$ cat target-v5.cif   # mmCIF, C-alpha atoms (C1' of nucleotides)
data_query
loop_
_atom_site.label_atom_id
_atom_site.label_comp_id
_atom_site.auth_asym_id
_atom_site.auth_seq_id
_atom_site.Cartn_x
_atom_site.Cartn_y
_atom_site.Cartn_z
CA MET A 972 0.00 0.00 0.00
CA ASP A 973 1.54 3.29 -1.08
CA LEU A 974 1.85 6.45 0.93
CA ALA A 975 -1.14 8.35 -0.42
CA GLN A 976 -3.41 5.34 0.01
CA ALA A 977 -2.24 4.85 3.58
CA ARG A 978 -2.75 8.51 4.37
CA ALA A 979 -6.26 8.39 2.99
CA ALA A 980 -7.07 5.25 4.96
CA ALA A 981 -5.80 6.84 8.17
CA LEU A 982 -7.72 10.06 7.62
CA ASP A 983 -10.94 8.28 6.66
CA ALA A 984 -10.88 5.96 9.65
CA ALA A 985 -9.87 8.65 12.13
CA GLU A 986 -12.32 11.22 10.86
CA GLU A 987 -15.25 8.85 11.09
CA LEU A 988 -14.36 7.68 14.59
CA PHE A 989 -13.63 11.18 15.89
CA TYR A 990 -16.91 12.52 14.57
CA GLU A 991 -18.94 9.58 15.78
CA ARG A 992 -17.68 9.41 19.34
CA GLY A 993 -15.58 12.49 20.08
CA ILE A 994 -11.86 12.92 19.76
CA GLN A 995 -10.63 12.03 23.22
CA ALA A 996 -12.92 9.02 23.33
CA VAL A 997 -11.11 7.22 20.51
CA GLY A 998 -7.60 5.96 21.01
CA MET A 999 -4.85 5.55 18.47
CA ASP A 1000 -5.19 1.79 18.71
CA GLU A 1001 -8.76 1.96 17.51
CA ILE A 1002 -7.73 4.11 14.57
CA ARG A 1003 -5.05 1.57 13.78
CA ALA A 1004 -7.63 -1.22 13.78
CA ALA A 1005 -10.12 0.72 11.67
CA SER A 1006 -7.57 1.91 9.14
CA GLY A 1007 -5.82 -1.44 8.75
CA LEU A 1008 -2.47 0.27 9.24
CA SER A 1009 0.14 -0.56 11.81
CA LEU A 1010 0.80 1.80 14.68
CA LYS A 1011 4.29 2.38 13.34
CA ARG A 1012 2.99 3.40 9.94
CA LEU A 1013 0.40 5.67 11.55
CA TYR A 1014 3.10 7.49 13.49
CA GLY A 1015 5.19 7.64 10.37
CA LEU A 1016 2.40 9.46 8.56
CA PHE A 1017 1.41 11.75 11.45
CA PRO A 1018 3.85 12.60 14.21
CA SER A 1019 1.20 12.72 16.94
CA LYS A 1020 -2.49 12.34 17.58
CA SER A 1021 -2.84 16.11 17.64
CA ALA A 1022 -1.38 16.31 14.12
CA LEU A 1023 -3.75 13.61 12.95
CA VAL A 1024 -6.69 15.50 14.44
CA ARG A 1025 -5.64 18.66 12.64
CA ALA A 1026 -5.25 16.81 9.35
CA CYS A 1027 -8.66 15.20 9.76
CA LEU A 1028 -10.32 18.54 10.37
CA GLU A 1029 -8.60 20.09 7.39
CA ALA A 1030 -9.66 17.22 5.16
CA ARG A 1031 -13.19 17.49 6.43
CA ASP A 1032 -13.25 21.23 5.83
CA THR A 1033 -12.41 20.94 2.14
CA ARG A 1034 -14.73 17.98 1.60
CA TRP A 1035 -17.65 19.56 3.45
CA ARG A 1036 -17.41 22.85 1.60
CA ALA A 1037 -17.00 21.09 -1.72
CA ARG A 1038 -20.16 19.07 -1.11
CA LEU A 1039 -22.08 22.22 -0.21
CA ALA A 1040 -20.81 24.08 -3.25
CA ALA A 1041 -21.61 21.15 -5.54
CA TYR A 1042 -25.19 21.14 -4.29
CA VAL A 1043 -25.62 24.89 -4.53
CA ASP A 1044 -24.26 24.86 -8.08
CA ASN A 1045 -27.33 22.94 -9.23
CA TYR A 1046 -29.40 26.08 -8.81
CA PRO A 1047 -29.28 28.77 -11.46
CA THR A 1048 -30.63 31.95 -9.87
CA PRO A 1049 -28.70 33.75 -7.13
CA ARG A 1050 -31.70 33.74 -4.83
CA ASP A 1051 -32.21 29.99 -5.18
CA ARG A 1052 -28.54 29.38 -4.70
CA LEU A 1053 -28.58 31.15 -1.35
CA LEU A 1054 -31.67 29.30 -0.20
CA ALA A 1055 -30.23 26.03 -1.44
CA VAL A 1056 -27.74 26.22 1.42
CA TYR A 1057 -30.54 25.44 3.85
CA ASP A 1058 -31.85 22.60 1.73
CA TRP A 1059 -28.42 21.10 1.71
CA LEU A 1060 -28.23 21.49 5.49
CA HIS A 1061 -31.48 19.57 5.78
CA GLN A 1062 -30.01 16.78 3.71
CA TRP A 1063 -26.91 16.75 5.86
CA PHE A 1064 -28.87 16.75 9.12
CA SER A 1065 -30.87 13.77 7.85
CA GLU A 1066 -27.85 11.61 7.28
CA PRO A 1067 -27.56 8.76 9.76
CA GLY A 1068 -24.96 9.52 12.39
CA PHE A 1069 -25.25 13.29 12.05
CA ARG A 1070 -23.84 14.72 15.24
CA GLY A 1071 -23.45 18.45 14.59
CA CYS A 1072 -20.53 20.42 13.28
CA ALA A 1073 -17.26 18.55 13.73
CA PHE A 1074 -15.44 21.85 14.12
CA VAL A 1075 -17.70 23.12 16.85
CA ASN A 1076 -17.45 19.78 18.60
CA ALA A 1077 -13.68 19.80 18.34
CA PHE A 1078 -13.57 23.40 19.50
CA GLY A 1079 -15.62 22.62 22.57
CA GLU A 1080 -13.58 19.55 23.39
CA LEU A 1081 -10.07 20.75 22.64
CA GLY A 1082 -10.18 24.45 21.79
CA ALA A 1083 -9.08 25.53 25.24
CA VAL A 1084 -6.27 23.03 25.45
CA ASP A 1085 -4.99 22.88 21.87
CA PRO A 1086 -5.01 26.27 20.12
CA SER A 1087 -4.27 24.69 16.75
CA VAL A 1088 -7.65 22.98 16.88
CA ALA A 1089 -9.33 26.28 17.70
CA ASP A 1090 -7.55 27.79 14.71
CA VAL A 1091 -8.76 25.14 12.29
CA ALA A 1092 -12.31 25.62 13.55
CA ARG A 1093 -12.08 29.39 13.18
CA ARG A 1094 -10.75 29.12 9.64
CA HIS A 1095 -13.51 26.70 8.68
CA LYS A 1096 -16.17 29.06 9.98
CA GLU A 1097 -14.54 32.00 8.24
CA ALA A 1098 -14.53 30.10 4.95
CA PHE A 1099 -18.16 29.13 5.33
CA GLY A 1100 -19.04 32.71 6.24
CA ALA A 1101 -17.20 34.01 3.19
CA TYR A 1102 -19.00 31.54 0.95
CA VAL A 1103 -22.44 32.50 2.23
CA THR A 1104 -21.53 36.18 2.02
CA ALA A 1105 -20.62 35.72 -1.62
CA LEU A 1106 -24.00 34.10 -2.26
CA VAL A 1107 -25.75 36.99 -0.50
CA VAL A 1108 -23.89 39.59 -2.52
CA ALA A 1109 -24.59 37.65 -5.72
CA ALA A 1110 -28.27 37.78 -4.80
CA GLY A 1111 -28.04 41.55 -4.81
CA ARG A 1112 -28.18 42.06 -1.08
CA PRO A 1113 -25.83 44.28 0.91
CA GLU A 1114 -22.78 42.54 2.31
CA GLU A 1115 -23.61 43.79 5.80
CA SER A 1116 -26.76 41.71 5.79
CA ALA A 1117 -24.86 38.49 5.12
CA ALA A 1118 -24.18 37.77 8.78
CA ALA A 1119 -27.85 37.05 9.35
CA TYR A 1120 -27.87 34.21 6.82
CA VAL A 1121 -24.70 32.77 8.31
CA LEU A 1122 -26.06 32.93 11.85
CA LEU A 1123 -29.29 31.22 10.78
CA ALA A 1124 -27.26 28.40 9.26
CA GLU A 1125 -24.99 28.05 12.29
CA GLY A 1126 -27.98 28.10 14.61
CA ALA A 1127 -29.65 25.42 12.53
CA ILE A 1128 -26.59 23.17 12.74
CA VAL A 1129 -26.35 23.42 16.52
CA THR A 1130 -30.05 23.05 17.08
CA ALA A 1131 -30.38 20.10 14.74
CA ALA A 1132 -27.52 18.36 16.50
CA VAL A 1133 -28.77 18.85 20.04
CA SER A 1134 -32.44 18.30 19.31
CA GLY A 1135 -31.82 15.39 16.99
CA THR A 1136 -34.15 16.52 14.20
CA PRO A 1137 -33.35 17.98 10.76
CA ASP A 1138 -36.22 20.45 11.08
CA PRO A 1139 -34.15 23.54 12.03
CA ALA A 1140 -32.82 23.58 8.47
CA HIS A 1141 -36.29 24.33 7.14
CA ARG A 1142 -36.96 26.92 9.84
CA ALA A 1143 -33.70 28.64 8.96
CA GLY A 1144 -34.54 28.51 5.26
CA GLU A 1145 -37.94 30.08 5.86
CA ALA A 1146 -36.41 32.85 7.94
CA ALA A 1147 -33.80 33.45 5.24
CA ALA A 1148 -36.53 33.66 2.62
CA ARG A 1149 -38.43 36.18 4.76
CA LEU A 1150 -35.30 38.27 5.15
CA LEU A 1151 -34.67 38.13 1.41
CA ALA A 1152 -38.24 39.10 0.61
CA GLY A 1153 -38.37 41.74 3.32
CA VAL A 1154 -41.75 40.47 4.44
CA SER A 1155 -42.66 40.43 8.10
CA GLY A 1156 -43.69 37.33 10.02
CA MET B 206 -18.60 23.15 56.58
CA ASP B 207 -22.14 21.93 56.12
CA LEU B 208 -23.54 19.88 53.32
CA ALA B 209 -25.12 22.66 51.26
CA GLN B 210 -21.97 24.77 51.44
CA ALA B 211 -19.82 21.83 50.37
CA ARG B 212 -22.15 21.03 47.49
CA ALA B 213 -22.02 24.63 46.32
CA ALA B 214 -18.22 24.72 46.56
CA ALA B 215 -17.94 21.54 44.55
CA LEU B 216 -20.35 22.72 41.88
CA ASP B 217 -18.74 26.16 41.62
CA ALA B 218 -15.23 24.81 41.29
CA ALA B 219 -16.15 22.02 38.89
CA GLU B 220 -18.33 24.20 36.71
CA GLU B 221 -15.66 26.81 36.26
CA LEU B 222 -12.95 24.29 35.47
CA PHE B 223 -15.13 22.26 33.11
CA TYR B 224 -16.18 25.35 31.19
CA GLU B 225 -12.69 26.80 31.05
CA ARG B 226 -10.83 23.75 29.85
CA GLY B 227 -13.31 21.08 28.81
CA ILE B 228 -14.70 18.25 30.88
CA GLN B 229 -12.29 15.42 30.12
CA ALA B 230 -9.32 17.75 30.51
CA VAL B 231 -9.93 18.33 34.22
CA GLY B 232 -9.47 15.52 36.69
CA MET B 233 -11.24 14.94 39.96
CA ASP B 234 -8.08 15.82 41.85
CA GLU B 235 -8.07 19.29 40.38
CA ILE B 236 -11.69 19.79 41.39
CA ARG B 237 -10.75 18.65 44.87
CA ALA B 238 -7.96 21.23 45.01
CA ALA B 239 -10.11 24.06 43.65
CA SER B 240 -13.08 23.32 45.86
CA GLY B 241 -11.08 22.82 49.04
CA LEU B 242 -12.92 19.57 49.70
CA SER B 243 -11.39 16.16 50.21
CA LEU B 244 -11.77 13.50 47.57
CA LYS B 245 -13.80 11.45 50.01
CA ARG B 246 -16.23 14.27 50.61
CA LEU B 247 -16.52 14.91 46.88
CA TYR B 248 -17.47 11.29 46.26
CA GLY B 249 -19.88 11.46 49.17
CA LEU B 250 -21.68 14.37 47.51
CA PHE B 251 -21.61 12.99 43.95
CA PRO B 252 -21.28 9.28 43.29
CA SER B 253 -19.19 9.73 40.14
CA LYS B 254 -17.66 12.29 37.86
CA SER B 255 -20.49 11.79 35.42
CA ALA B 256 -23.01 12.68 38.15
CA LEU B 257 -20.99 15.78 39.03
CA VAL B 258 -20.95 16.82 35.38
CA ARG B 259 -24.72 16.43 35.17
CA ALA B 260 -25.23 18.42 38.36
CA CYS B 261 -22.93 21.18 37.09
CA LEU B 262 -24.83 21.46 33.84
CA GLU B 263 -28.16 21.55 35.62
CA ALA B 264 -26.94 24.27 37.98
CA ARG B 265 -25.61 26.23 35.06
CA ASP B 266 -28.87 25.90 33.17
CA THR B 267 -30.95 27.46 35.92
CA ARG B 268 -28.41 30.19 36.66
CA TRP B 269 -27.92 31.06 33.00
CA ARG B 270 -31.61 31.33 32.24
CA ALA B 271 -32.22 33.31 35.42
CA ARG B 272 -29.54 35.82 34.44
CA LEU B 273 -31.06 36.19 30.98
CA ALA B 274 -34.58 36.61 32.35
CA ALA B 275 -33.40 39.15 34.93
CA TYR B 276 -31.83 41.23 32.16
CA VAL B 277 -34.83 40.98 29.85
CA ASP B 278 -37.14 42.02 32.68
CA ASN B 279 -35.58 45.47 32.71
CA TYR B 280 -37.31 46.22 29.42
CA PRO B 281 -40.97 47.17 29.42
CA THR B 282 -42.25 46.67 25.88
CA PRO B 283 -42.55 43.20 24.37
CA ARG B 284 -40.51 44.21 21.33
CA ASP B 285 -37.66 45.54 23.44
CA ARG B 286 -37.76 42.49 25.64
CA LEU B 287 -37.24 40.23 22.66
CA LEU B 288 -34.40 42.33 21.31
CA ALA B 289 -32.86 42.56 24.78
CA VAL B 290 -31.96 38.90 24.45
CA TYR B 291 -29.31 39.82 21.91
CA ASP B 292 -27.98 42.67 24.05
CA TRP B 293 -27.60 40.26 26.90
CA LEU B 294 -25.82 37.82 24.62
CA HIS B 295 -23.37 40.58 23.72
CA GLN B 296 -22.69 41.19 27.38
CA TRP B 297 -22.17 37.48 27.95
CA PHE B 298 -19.85 37.11 24.95
CA SER B 299 -17.77 40.02 26.27
CA GLU B 300 -17.08 38.39 29.61
CA PRO B 301 -13.50 37.27 30.01
CA GLY B 302 -13.20 33.53 29.57
CA PHE B 303 -16.29 33.23 27.38
CA ARG B 304 -15.95 29.96 25.54
CA GLY B 305 -19.33 29.32 23.95
CA CYS B 306 -22.30 27.41 25.22
CA ALA B 307 -21.33 24.94 27.93
CA PHE B 308 -24.11 22.63 26.82
CA VAL B 309 -23.03 22.56 23.21
CA ASN B 310 -19.45 21.98 24.30
CA ALA B 311 -20.49 19.17 26.61
CA PHE B 312 -22.69 17.70 23.89
CA GLY B 313 -19.82 17.66 21.43
CA GLU B 314 -17.43 16.17 23.92
CA LEU B 315 -19.61 13.61 25.67
CA GLY B 316 -22.97 13.50 23.91
CA ALA B 317 -22.12 10.40 21.92
CA VAL B 318 -20.68 8.55 24.88
CA ASP B 319 -22.91 9.67 27.76
CA PRO B 320 -26.56 10.05 26.77
CA SER B 321 -27.42 11.76 30.05
CA VAL B 322 -25.21 14.67 29.03
CA ALA B 323 -26.95 14.87 25.67
CA ASP B 324 -30.27 14.93 27.52
CA VAL B 325 -29.30 17.82 29.77
CA ALA B 326 -28.13 19.77 26.72
CA ARG B 327 -31.35 19.07 24.87
CA ARG B 328 -33.49 20.15 27.81
CA HIS B 329 -31.48 23.36 28.18
CA LYS B 330 -31.97 24.23 24.53
CA GLU B 331 -35.66 23.38 24.74
CA ALA B 332 -36.06 25.67 27.74
CA PHE B 333 -34.23 28.49 26.00
CA GLY B 334 -36.33 27.95 22.88
CA ALA B 335 -39.52 28.03 24.90
CA TYR B 336 -38.45 31.24 26.61
CA VAL B 337 -37.68 33.02 23.34
CA THR B 338 -40.87 31.71 21.82
CA ALA B 339 -42.83 33.22 24.71
CA LEU B 340 -41.14 36.57 24.07
CA VAL B 341 -41.98 36.34 20.37
CA VAL B 342 -45.61 35.57 21.06
CA ALA B 343 -45.77 38.38 23.61
CA ALA B 344 -44.46 40.70 20.92
CA GLY B 345 -47.49 39.81 18.84
CA ARG B 346 -45.73 37.61 16.32
CA PRO B 347 -46.88 34.16 15.25
CA GLU B 348 -45.44 31.30 17.23
CA GLU B 349 -44.23 29.64 14.00
CA SER B 350 -41.86 32.53 13.44
CA ALA B 351 -40.14 32.05 16.80
CA ALA B 352 -37.64 29.51 15.52
CA ALA B 353 -35.90 32.21 13.50
CA TYR B 354 -35.12 34.25 16.61
CA VAL B 355 -33.87 31.17 18.43
CA LEU B 356 -31.66 30.15 15.52
CA LEU B 357 -30.18 33.64 15.29
CA ALA B 358 -29.30 33.48 18.97
CA GLU B 359 -27.82 29.99 18.74
CA GLY B 360 -25.83 30.97 15.68
CA ALA B 361 -24.52 34.04 17.47
CA ILE B 362 -23.35 31.94 20.43
CA VAL B 363 -21.44 29.49 18.27
CA THR B 364 -19.98 32.14 16.03
CA ALA B 365 -18.90 34.35 18.91
CA ALA B 366 -17.19 31.42 20.57
CA VAL B 367 -15.27 30.22 17.55
CA SER B 368 -14.41 33.65 16.17
CA GLY B 369 -13.58 35.10 19.57
CA THR B 370 -15.53 38.33 19.16
CA PRO B 371 -18.83 39.42 20.71
CA ASP B 372 -19.93 41.01 17.45
CA PRO B 373 -22.29 38.24 16.28
CA ALA B 374 -24.68 39.27 19.05
CA HIS B 375 -25.22 42.64 17.37
CA ARG B 376 -25.55 41.06 13.94
CA ALA B 377 -28.16 38.67 15.30
CA GLY B 378 -29.98 41.54 17.02
CA GLU B 379 -30.09 43.55 13.80
CA ALA B 380 -31.44 40.59 11.87
CA ALA B 381 -34.05 40.00 14.55
CA ALA B 382 -35.10 43.64 14.36
CA ARG B 383 -35.40 43.38 10.58
CA LEU B 384 -37.53 40.28 10.91
CA LEU B 385 -39.72 42.01 13.48
CA ALA B 386 -40.11 45.08 11.30
CA GLY B 387 -40.54 43.07 8.13
CA VAL B 388 -38.13 45.33 6.30
CA SER B 389 -35.77 43.91 3.74
CA GLY B 390 -31.98 44.27 3.93
"C1'" DC C 384 -10.92 11.65 80.71
"C1'" DG C 385 -11.75 8.01 77.07
"C1'" DC C 386 -13.69 6.45 73.05
"C1'" DG C 387 -15.65 5.99 68.63
"C1'" DA C 388 -17.63 7.98 64.52
"C1'" DG C 389 -16.44 10.75 60.98
"C1'" DT C 390 -13.05 13.65 58.41
"C1'" DG C 391 -8.91 14.94 55.69
"C1'" DA C 392 -4.66 13.94 53.32
"C1'" DG C 393 -2.94 11.34 50.24
"C1'" DA C 394 -1.29 6.62 48.90
"C1'" DA C 395 -2.89 2.83 46.28
"C1'" DC C 396 -5.24 0.34 42.54
"C1'" DG C 397 -6.65 -0.84 38.13
"C1'" DC C 398 -7.19 0.83 33.86
"C1'" DT C 399 -6.45 3.40 29.58
"C1'" DC C 400 -3.88 6.18 26.69
"C1'" DG C 401 -0.11 8.12 23.59
"C1'" DT C 402 4.11 6.84 22.19
"C1'" DT C 403 8.15 3.89 21.57
"C1'" DC C 404 10.58 -0.42 21.32
"C1'" DT C 405 11.36 -5.30 20.29
"C1'" DC C 406 11.25 -8.95 17.58
"C1'" DC C 407 10.14 -11.44 13.63
"C1'" DC C 408 9.26 -12.08 8.85
"C1'" DC C 409 9.29 -11.03 4.06
"C1'" DG C 410 11.17 -9.42 -0.25
"C1'" DC C 411 14.98 -7.69 -2.69
"C1'" DG C 412 19.86 -7.12 -4.49
"C1'" DT C 413 23.99 -9.50 -5.42
"C1'" DA D 1025 21.74 -18.80 -1.42
"C1'" DC D 1026 22.23 -15.21 1.79
"C1'" DG D 1027 22.24 -11.08 4.36
"C1'" DC D 1028 19.64 -6.94 5.22
"C1'" DG D 1029 16.53 -3.21 5.45
"C1'" DG D 1030 11.87 -2.10 6.14
"C1'" DG D 1031 7.43 -3.06 7.76
"C1'" DG D 1032 3.84 -5.49 10.75
"C1'" DA D 1033 2.16 -7.18 15.22
"C1'" DG D 1034 2.01 -6.25 19.53
"C1'" DA D 1035 4.50 -5.84 24.10
"C1'" DA D 1036 6.34 -2.28 26.93
"C1'" DC D 1037 6.59 2.12 29.17
"C1'" DG D 1038 5.39 6.12 31.65
"C1'" DA D 1039 1.89 9.09 32.69
"C1'" DG D 1040 -2.69 10.23 34.07
"C1'" DC D 1041 -7.27 9.09 35.11
"C1'" DG D 1042 -11.49 7.78 38.26
"C1'" DT D 1043 -12.23 5.58 42.30
"C1'" DT D 1044 -11.25 3.37 46.76
"C1'" DC D 1045 -8.55 2.48 50.83
"C1'" DT D 1046 -5.52 3.43 54.82
"C1'" DC D 1047 -4.44 5.75 58.63
"C1'" DA D 1048 -3.89 9.27 61.77
"C1'" DC D 1049 -6.47 12.84 63.82
"C1'" DT D 1050 -10.23 15.53 65.86
"C1'" DC D 1051 -14.26 16.49 68.19
"C1'" DG D 1052 -18.49 15.61 70.62
"C1'" DC D 1053 -20.56 12.93 74.15
"C1'" DG D 1054 -20.97 9.86 78.22
#
$ encode --input "target-v5.cif" --output "structure tokens"
Amino acid sequence: MDLAQARAAALDAAEELFYERGIQAVGMDEIRAASGLSLKRLYGLFPSKSALVRACLEARDTRWRARLAAYVDNYPTPRDRLLAVYDWLHQWFSEPGFRGCAFVNAFGELGAVDPSVADVARRHKEAFGAYVTALVVAAGRPEESAAAYVLLAEGAIVTAAVSGTPDPAHRAGEAAARLLAGVSG
Amino acid sequence: MDLAQARAAALDAAEELFYERGIQAVGMDEIRAASGLSLKRLYGLFPSKSALVRACLEARDTRWRARLAAYVDNYPTPRDRLLAVYDWLHQWFSEPGFRGCAFVNAFGELGAVDPSVADVARRHKEAFGAYVTALVVAAGRPEESAAAYVLLAEGAIVTAAVSGTPDPAHRAGEAAARLLAGVSG
DNA sequence: CGCGAGTGAGAACGCTCGTTCTCCCCGCGT
DNA sequence: ACGCGGGGAGAACGAGCGTTCTCACTCGCG
């Protein structure tokens, strides 16, 4: 098994376990078992668990945002593209094993103790915010109003995770539509 | 030192440490040192760390919601009372050591592994949601629109924590005001 | 004054974890 | 055929955890 394959196996196994059960709750030995790699190889690829965690989060960031963008790109009009974000969230929330935002979870668990984890989480949220802001501007709305759409999405993620239902995505989408239309409710 | 005093000391010390550094990152011995109690006394008050965690979260829930309600009660009109929520959030975010919602953090860290923690978090969010919903209804808005105000608040909490600035509270408050007014932006 | 119940300090225990080390085997070059 | 370097399996190590135990002490009561 070559280097890139091994790296991918390690990241896939670790990411899934970390997300499913929390980072501190899964040991390196379990990642070894799930990835099919030896402990020695694992430590050859990543010098420490902390480095592996960082790499997992970075991989997840690019994959997550690519999936969102791919979904949004199916919609032609700027308005629909912005609202499609909330549809995609609903799809995400409905996936089995959904357990909230991995970055928020990692931040809560390790942010105080490992600043590099807090950094990755902050960068992910900045990137998501910038993406939504671009959609808002493309829809002809002022950039200053973009925060509202971001906050609705973030609130939906947290609420869906804790409550265990995908419904907040629709509530957020409705609120976003009301804001876009400028109609009271 | 009597029982109630000891219980309060334990809860105060544990809550602060758990919030500041994460739950798994602080050991029982550190709680013993910070509370001034002996390990034996600590285990006499709470049968396990998990029970102490639960008790901390429950104490925090009532205190947190009481602080919010006390602030909101300074405002006379229903509209101002609803918007006061976001002012209070800004105050909270500005406190030194603010590190997001303790319940979300605990959910991310332990929710998958300790269902009782997930339950406490869910109940806290339900109670907060019910409170905001009551404010929305009192302001003469339809109950179905309440989710938007809750999601804005939840999004502000997460975003303020990860970004490290209290600003999202104002952005959420502005969006809430726009929704209330029904004016586009 | 004497005694026993309860307390505090902290050692002890059993376990788990991250990380490293040992040992063995396999495949390759000559 | 034969050594040898690298990789796999897993033992080993040191630290830290939650929890319990020991033991000396104190304080209230007869």
$ resolve_selection --input "target-v5.cif" --expression "the PyMOL selection byres ((chain B) within 8 of (chain A))" --output "count of residues only"
49
$ resolve_selection --input "target-v5.cif" --expression "the PyMOL selection byres ((chain D) within 12 of (chain B))" --output "list of chain:residue names"
D:DG1040, D:DC1041, D:DG1042, D:DT1043, D:DT1044, D:DC1045
$ residues_around --input "target-v5.cif" --residues "DC1051 of chain D" --least-positions-apart "3" --cutoff "12 Å" --atoms "all atoms listed in the file" --output "CSV table (one decimal) with C-alpha atoms (C1' of nucleotides), keeping the file's coordinate frame"
chain,number,residue,atom,x,y,z
C,386,DC,C1',-13.7,6.4,73.0
C,387,DG,C1',-15.6,6.0,68.6
C,388,DA,C1',-17.6,8.0,64.5
C,389,DG,C1',-16.4,10.8,61.0
C,390,DT,C1',-13.0,13.6,58.4
$ resolve_selection --input "target-v5.cif" --expression "the PyMOL selection byres ((chain C) within 10 of (chain B))" --output "list in words"
DT390, DG391, DA392 and DG393 of chain C
$ write_last_selection --input "target-v5.cif" --atoms "C-alpha atoms (C1' of nucleotides)" --output "mmCIF file, in the frame of the given file"
data_model
loop_
_atom_site.group_PDB
_atom_site.id
_atom_site.type_symbol
_atom_site.label_atom_id
_atom_site.label_comp_id
_atom_site.auth_asym_id
_atom_site.auth_seq_id
_atom_site.Cartn_x
_atom_site.Cartn_y
_atom_site.Cartn_z
ATOM 1 C "C1'" DT C 390 -13.050 13.650 58.410
ATOM 2 C "C1'" DG C 391 -8.910 14.940 55.690
ATOM 3 C "C1'" DA C 392 -4.660 13.940 53.320
ATOM 4 C "C1'" DG C 393 -2.940 11.340 50.240
#
$ atom_distance --input "target-v5.cif" --atom1 "atom CA of Gln210 of chain B" --atom2 "atom CA of Phe333 of chain B"
28.5 Å
$ closest_residue --input "target-v5.cif" --among "A:Leu1028, A:Arg1003, A:Arg978, A:Leu988" --to "DG1032 of chain D" --atoms "only C-alpha atoms (C1' of nucleotides)"
A:Arg1003
$ closest_residue --input "target-v5.cif" --among "A:Pro1086, A:Gly1015, A:Gly1007, A:Pro1137" --to "Tyr1057 of chain A" --atoms "all atoms listed in the file"
A:Pro1137
$ atom_distance --input "target-v5.cif" --atom1 "atom CA of Ile236 of chain B" --atom2 "atom CA of Ala219 of chain B"
5.6 Å
$ residues_around --input "target-v5.cif" --residues "segment 402-409 of chain C" --least-positions-apart "5" --cutoff "8 Å" --atoms "all atoms listed in the file" --output "list in words"
DA1035, DA1036 and DC1037 of chain D
$ atom_distance --input "target-v5.cif" --atom1 "atom CA of Asp973 of chain A" --atom2 "atom CA of Ala1037 of chain A"
25.7 Å
$ decode --input "target-v5.cif" --residues "chain C" --atoms "C-alpha atoms (C1' of nucleotides)" --output "short mmCIF file (atom, residue, chain, number, x, y, z; two decimals), in the first residue's frame"
data_model
loop_
_atom_site.label_atom_id
_atom_site.label_comp_id
_atom_site.auth_asym_id
_atom_site.auth_seq_id
_atom_site.Cartn_x
_atom_site.Cartn_y
_atom_site.Cartn_z
"C1'" DC C 384 -10.92 11.65 80.71
"C1'" DG C 385 -11.75 8.01 77.07
"C1'" DC C 386 -13.69 6.45 73.05
"C1'" DG C 387 -15.65 5.99 68.63
"C1'" DA C 388 -17.63 7.98 64.52
"C1'" DG C 389 -16.44 10.75 60.98
"C1'" DT C 390 -13.05 13.65 58.41
"C1'" DG C 391 -8.91 14.94 55.69
"C1'" DA C 392 -4.66 13.94 53.32
"C1'" DG C 393 -2.94 11.34 50.24
"C1'" DA C 394 -1.29 6.62 48.90
"C1'" DA C 395 -2.89 2.83 46.28
"C1'" DC C 396 -5.24 0.34 42.54
"C1'" DG C 397 -6.65 -0.84 38.13
"C1'" DC C 398 -7.19 0.83 33.86
"C1'" DT C 399 -6.45 3.40 29.58
"C1'" DC C 400 -3.88 6.18 26.69
"C1'" DG C 401 -0.11 8.12 23.59
"C1'" DT C 402 4.11 6.84 22.19
"C1'" DT C 403 8.15 3.89 21.57
"C1'" DC C 404 10.58 -0.42 21.32
"C1'" DT C 405 11.36 -5.30 20.29
"C1'" DC C 406 11.25 -8.95 17.58
"C1'" DC C 407 10.14 -11.44 13.63
"C1'" DC C 408 9.26 -12.08 8.85
"C1'" DC C 409 9.29 -11.03 4.06
"C1'" DG C 410 11.17 -9.42 -0.25
"C1'" DC C 411 14.98 -7.69 -2.69
"C1'" DG C 412 19.86 -7.12 -4.49
"C1'" DT C 413 23.99 -9.50 -5.42
#
